[in-house]
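> My file is target.pdb. It has PDB, C-alpha atoms:
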```pdb
ATOM      1  CA  MET A 214     -12.031 -21.026 -11.438  1.00  0.00           C
ATOM      2  CA  THR A 215     -10.977 -22.927  -8.319  1.00  0.00           C
ATOM      3  CA  PHE A 216     -10.067 -26.597  -8.294  1.00  0.00           C
ATOM      4  CA  SER A 217     -10.783 -29.126  -5.539  1.00  0.00           C
ATOM      5  CA  GLU A 218      -7.439 -28.871  -3.755  1.00  0.00           C
ATOM      6  CA  GLY A 219      -7.497 -25.072  -3.583  1.00  0.00           C
ATOM      7  CA  ASN A 220      -5.673 -24.399  -6.851  1.00  0.00           C
ATOM      8  CA  GLU A 221      -6.735 -21.325  -8.778  1.00  0.00           C
ATOM      9  CA  PHE A 222      -6.550 -20.847 -12.524  1.00  0.00           C
ATOM     10  CA  LEU A 223      -7.530 -17.734 -14.462  1.00  0.00           C
ATOM     11  CA  THR A 224      -7.452 -17.020 -18.201  1.00  0.00           C
ATOM     12  CA  ILE A 225      -8.058 -13.621 -19.794  1.00  0.00           C
ATOM     13  CA  THR A 226      -7.982 -12.979 -23.544  1.00  0.00           C
ATOM     14  CA  TYR A 227      -7.108  -9.415 -24.539  1.00  0.00           C
ATOM     15  CA  LEU A 228      -8.429  -8.075 -27.859  1.00  0.00           C
ATOM     16  CA  LEU A 229      -6.534  -4.997 -29.027  1.00  0.00           C
ATOM     17  CA  GLN A 230      -7.684  -3.016 -32.054  1.00  0.00           C
ATOM     18  CA  THR A 231      -4.380  -1.574 -33.250  1.00  0.00           C
ATOM     19  CA  GLU A 232      -0.904  -2.947 -33.749  1.00  0.00           C
ATOM     20  CA  SER A 233       0.549  -0.012 -31.795  1.00  0.00           C
ATOM     21  CA  ASP A 234      -1.558  -0.952 -28.729  1.00  0.00           C
ATOM     22  CA  TYR A 235      -0.390  -4.566 -29.130  1.00  0.00           C
ATOM     23  CA  LYS A 236       3.282  -3.548 -29.252  1.00  0.00           C
ATOM     24  CA  LYS A 237       2.830  -1.093 -26.367  1.00  0.00           C
ATOM     25  CA  PHE A 238       1.304  -3.861 -24.217  1.00  0.00           C
ATOM     26  CA  ILE A 239       4.210  -6.200 -25.022  1.00  0.00           C
ATOM     27  CA  SER A 240       6.797  -3.507 -24.264  1.00  0.00           C
ATOM     28  CA  THR A 241       5.403  -3.040 -20.725  1.00  0.00           C
ATOM     29  CA  LEU A 242       5.856  -6.719 -19.826  1.00  0.00           C
ATOM     30  CA  TYR A 243       9.537  -6.229 -18.955  1.00  0.00           C
ATOM     31  CA  ASP A 244       8.536  -3.455 -16.521  1.00  0.00           C
ATOM     32  CA  TYR A 245       6.471  -6.071 -14.678  1.00  0.00           C
ATOM     33  CA  HIS A 246       9.428  -8.528 -14.673  1.00  0.00           C
ATOM     34  CA  PHE A 247       8.025 -10.928 -17.273  1.00  0.00           C
ATOM     35  CA  LYS A 248      10.723 -12.739 -19.250  1.00  0.00           C
ATOM     36  CA  TYR A 249      10.317 -14.244 -22.682  1.00  0.00           C
ATOM     37  CA  SER A 250      10.900 -17.992 -22.955  1.00  0.00           C
ATOM     38  CA  LYS A 251      11.928 -19.043 -26.458  1.00  0.00           C
ATOM     39  CA  ARG A 252      11.416 -22.693 -25.573  1.00  0.00           C
ATOM     40  CA  ASN A 253       7.843 -22.169 -24.315  1.00  0.00           C
ATOM     41  CA  LYS A 254       7.077 -19.262 -26.691  1.00  0.00           C
ATOM     42  CA  ARG A 255       5.535 -17.119 -23.982  1.00  0.00           C
ATOM     43  CA  TYR A 256       6.280 -14.391 -21.461  1.00  0.00           C
ATOM     44  CA  GLN A 257       6.621 -15.891 -17.990  1.00  0.00           C
ATOM     45  CA  LEU A 258       6.525 -14.565 -14.456  1.00  0.00           C
ATOM     46  CA  PRO A 259       7.052 -17.490 -12.074  1.00  0.00           C
ATOM     47  CA  THR A 260       6.057 -16.791  -8.488  1.00  0.00           C
ATOM     48  CA  SER A 261       7.055 -20.208  -7.133  1.00  0.00           C
ATOM     49  CA  SER A 262       7.830 -23.693  -8.386  1.00  0.00           C
ATOM     50  CA  TYR A 263       4.144 -24.437  -8.866  1.00  0.00           C
ATOM     51  CA  SER A 264       2.608 -21.009  -9.461  1.00  0.00           C
ATOM     52  CA  GLY A 265       3.035 -18.259 -11.996  1.00  0.00           C
ATOM     53  CA  GLU A 266       1.701 -16.041 -14.726  1.00  0.00           C
ATOM     54  CA  ASN A 267       2.077 -16.455 -18.481  1.00  0.00           C
ATOM     55  CA  ILE A 268       1.252 -14.279 -21.478  1.00  0.00           C
ATOM     56  CA  TYR A 269       0.929 -15.838 -24.913  1.00  0.00           C
ATOM     57  CA  LEU A 270       1.142 -13.712 -28.070  1.00  0.00           C
ATOM     58  CA  MET A 271      -1.709 -14.938 -30.246  1.00  0.00           C
ATOM     59  CA  GLY A 272      -1.218 -12.488 -33.127  1.00  0.00           C
ATOM     60  CA  LEU A 273      -3.879 -11.184 -35.465  1.00  0.00           C
ATOM     61  CA  LYS A 274      -7.245 -12.984 -35.222  1.00  0.00           C
ATOM     62  CA  ARG A 275     -10.594 -12.413 -36.914  1.00  0.00           C
ATOM     63  CA  ILE A 276     -13.457 -12.355 -34.393  1.00  0.00           C
ATOM     64  CA  ASP A 277     -17.043 -11.485 -35.380  1.00  0.00           C
ATOM     65  CA  GLY A 278     -15.858 -10.095 -38.702  1.00  0.00           C
ATOM     66  CA  LYS A 279     -13.316  -7.730 -37.116  1.00  0.00           C
ATOM     67  CA  GLN A 280      -9.560  -8.172 -36.783  1.00  0.00           C
ATOM     68  CA  PHE A 281      -7.937  -7.947 -33.370  1.00  0.00           C
ATOM     69  CA  TYR A 282      -4.425  -8.396 -32.047  1.00  0.00           C
ATOM     70  CA  THR A 283      -4.863 -10.966 -29.315  1.00  0.00           C
ATOM     71  CA  LEU A 284      -2.959 -11.880 -26.155  1.00  0.00           C
ATOM     72  CA  LYS A 285      -3.831 -14.603 -23.666  1.00  0.00           C
ATOM     73  CA  TYR A 286      -3.024 -14.194 -19.965  1.00  0.00           C
ATOM     74  CA  ASP A 287      -2.933 -17.277 -17.699  1.00  0.00           C
ATOM     75  CA  SER A 288      -2.473 -17.214 -13.941  1.00  0.00           C
ATOM     76  CA  TYR A 289      -2.045 -20.380 -11.902  1.00  0.00           C
ATOM     77  CA  VAL A 290      -1.756 -20.569  -8.121  1.00  0.00           C
ATOM     78  CA  ASP A 291      -1.139 -23.953  -6.538  1.00  0.00           C
ATOM     79  CA  LYS A 292      -2.220 -23.876  -2.913  1.00  0.00           C
ATOM     80  CA  ALA A 293      -1.818 -27.615  -2.308  1.00  0.00           C
ATOM     81  CA  LEU A 294       1.670 -27.135  -0.858  1.00  0.00           C
ATOM     82  CA  SER A 295       1.065 -23.869   0.969  1.00  0.00           C
ATOM     83  CA  GLY A 296      -0.171 -25.331   4.238  1.00  0.00           C
ATOM     84  CA  PRO A 297      -2.473 -27.872   5.801  1.00  0.00           C
ATOM     85  CA  ARG A 298      -5.437 -28.957   3.735  1.00  0.00           C
ATOM     86  CA  PRO A 299      -8.990 -28.398   4.936  1.00  0.00           C
ATOM     87  CA  ASN A 300     -10.167 -30.970   7.489  1.00  0.00           C
ATOM     88  CA  SER A 301      -6.616 -32.078   8.245  1.00  0.00           C
ATOM     89  CA  GLN A 302      -5.127 -31.833  11.700  1.00  0.00           C
ATOM     90  CA  ASN A 303      -1.588 -31.246  12.822  1.00  0.00           C
ATOM     91  CA  GLN A 304      -0.368 -34.361  14.638  1.00  0.00           C
ATOM     92  CA  ILE A 305       2.454 -32.514  16.400  1.00  0.00           C
ATOM     93  CA  PRO A 306       1.320 -31.185  19.791  1.00  0.00           C
ATOM     94  CA  LEU A 307       2.052 -27.562  20.639  1.00  0.00           C
ATOM     95  CA  PRO A 308       4.365 -26.915  23.596  1.00  0.00           C
ATOM     96  CA  PRO A 309       2.583 -25.965  26.821  1.00  0.00           C
ATOM     97  CA  LYS A 310       2.198 -22.272  27.577  1.00  0.00           C
ATOM     98  CA  SER A 311       4.442 -21.034  30.325  1.00  0.00           C
ATOM     99  CA  ASP A 312       3.448 -18.339  32.805  1.00  0.00           C
ATOM    100  CA  SER A 313       7.079 -17.823  33.812  1.00  0.00           C
ATOM    101  CA  VAL A 314       7.862 -15.554  30.840  1.00  0.00           C
ATOM    102  CA  LYS A 315       7.164 -11.926  31.668  1.00  0.00           C
ATOM    103  CA  VAL A 316       7.388  -9.034  29.255  1.00  0.00           C
ATOM    104  CA  LYS A 317       8.478  -5.667  30.632  1.00  0.00           C
TER     105      LYS A 317
END
```
So that I can check it, write out the structure of this file as structure tokens.


Amino acid sequence: MTFSEGNEFLTITYLLQTESDYKKFISTLYDYHFKYSKRNKRYQLPTSSYSGENIYLMGLKRIDGKQFYTLKYDSYVDKALSGPRPNSQNQIPLPPKSDSVKVK
């Protein structure tokens, strides 16, 4: 999903059938540099002040009569501060090109 200012947000819900798969998935998060936040109760991988990835442990859930261990992955990329916005112009003029510089 993309928002009007160029932000991107993605959510994926993982449904794992066994507890061992659930624990194996969680154990690999440190290999990918995720860190657990006790305050936010999630694994976090910040990529900047306004962007990052989060994994929430949702535990055992019943879906369509079956039980699954569930995890939710969120990714958020804020592009509003990454450069000029569409249809905006830079008001600072570029310096004139000089022919006096020669590369040997």

> Since I can't run it myself right now, could you work out what the PyMOL selection byres ((chain A and resi 254) around 12) selects here and report it as a PDB file with C-alpha atoms, in the frame of the given file?


```pdb
ATOM      1  CA  LYS A 248      10.723 -12.739 -19.250  1.00  0.00           C
ATOM      2  CA  TYR A 249      10.317 -14.244 -22.682  1.00  0.00           C
ATOM      3  CA  SER A 250      10.900 -17.992 -22.955  1.00  0.00           C
ATOM      4  CA  LYS A 251      11.928 -19.043 -26.458  1.00  0.00           C
ATOM      5  CA  ARG A 252      11.416 -22.693 -25.573  1.00  0.00           C
ATOM      6  CA  ASN A 253       7.843 -22.169 -24.315  1.00  0.00           C
ATOM      7  CA  ARG A 255       5.535 -17.119 -23.982  1.00  0.00           C
ATOM      8  CA  TYR A 256       6.280 -14.391 -21.461  1.00  0.00           C
ATOM      9  CA  GLN A 257       6.621 -15.891 -17.990  1.00  0.00           C
ATOM     10  CA  ASN A 267       2.077 -16.455 -18.481  1.00  0.00           C
ATOM     11  CA  ILE A 268       1.252 -14.279 -21.478  1.00  0.00           C
ATOM     12  CA  TYR A 269       0.929 -15.838 -24.913  1.00  0.00           C
ATOM     13  CA  LEU A 270       1.142 -13.712 -28.070  1.00  0.00           C
ATOM     14  CA  MET A 271      -1.709 -14.938 -30.246  1.00  0.00           C
TER      15      MET A 271
END
```

> Quick one: residues within 10 Å of stretch 217-231 of chain A, all atoms listed in the file counted, chain neighbours fewer than 3 positions away excluded, as a ChimeraX atom specification?

/A:214,234-238,264-274,276,279-295,298-299

> Enter the distance from atom CA of A:Asp244 to atom CA of A:Leu258, in Å, rounded to one decimal.

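Separation between atom CA of A:Asp244 and atom CA of A:Leu258: 11.5 Å.
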
> Box for stretch 248-261 of chain A - axis-aligned, 3 Å on each of the six sides, all listed atoms - centre and size in Å to one decimal, as AutoDock Vina command-line options.


```
--center_x 8.7 --center_y -17.7 --center_z -16.9 --size_x 12.4 --size_y 16.0 --size_z 25.6
```
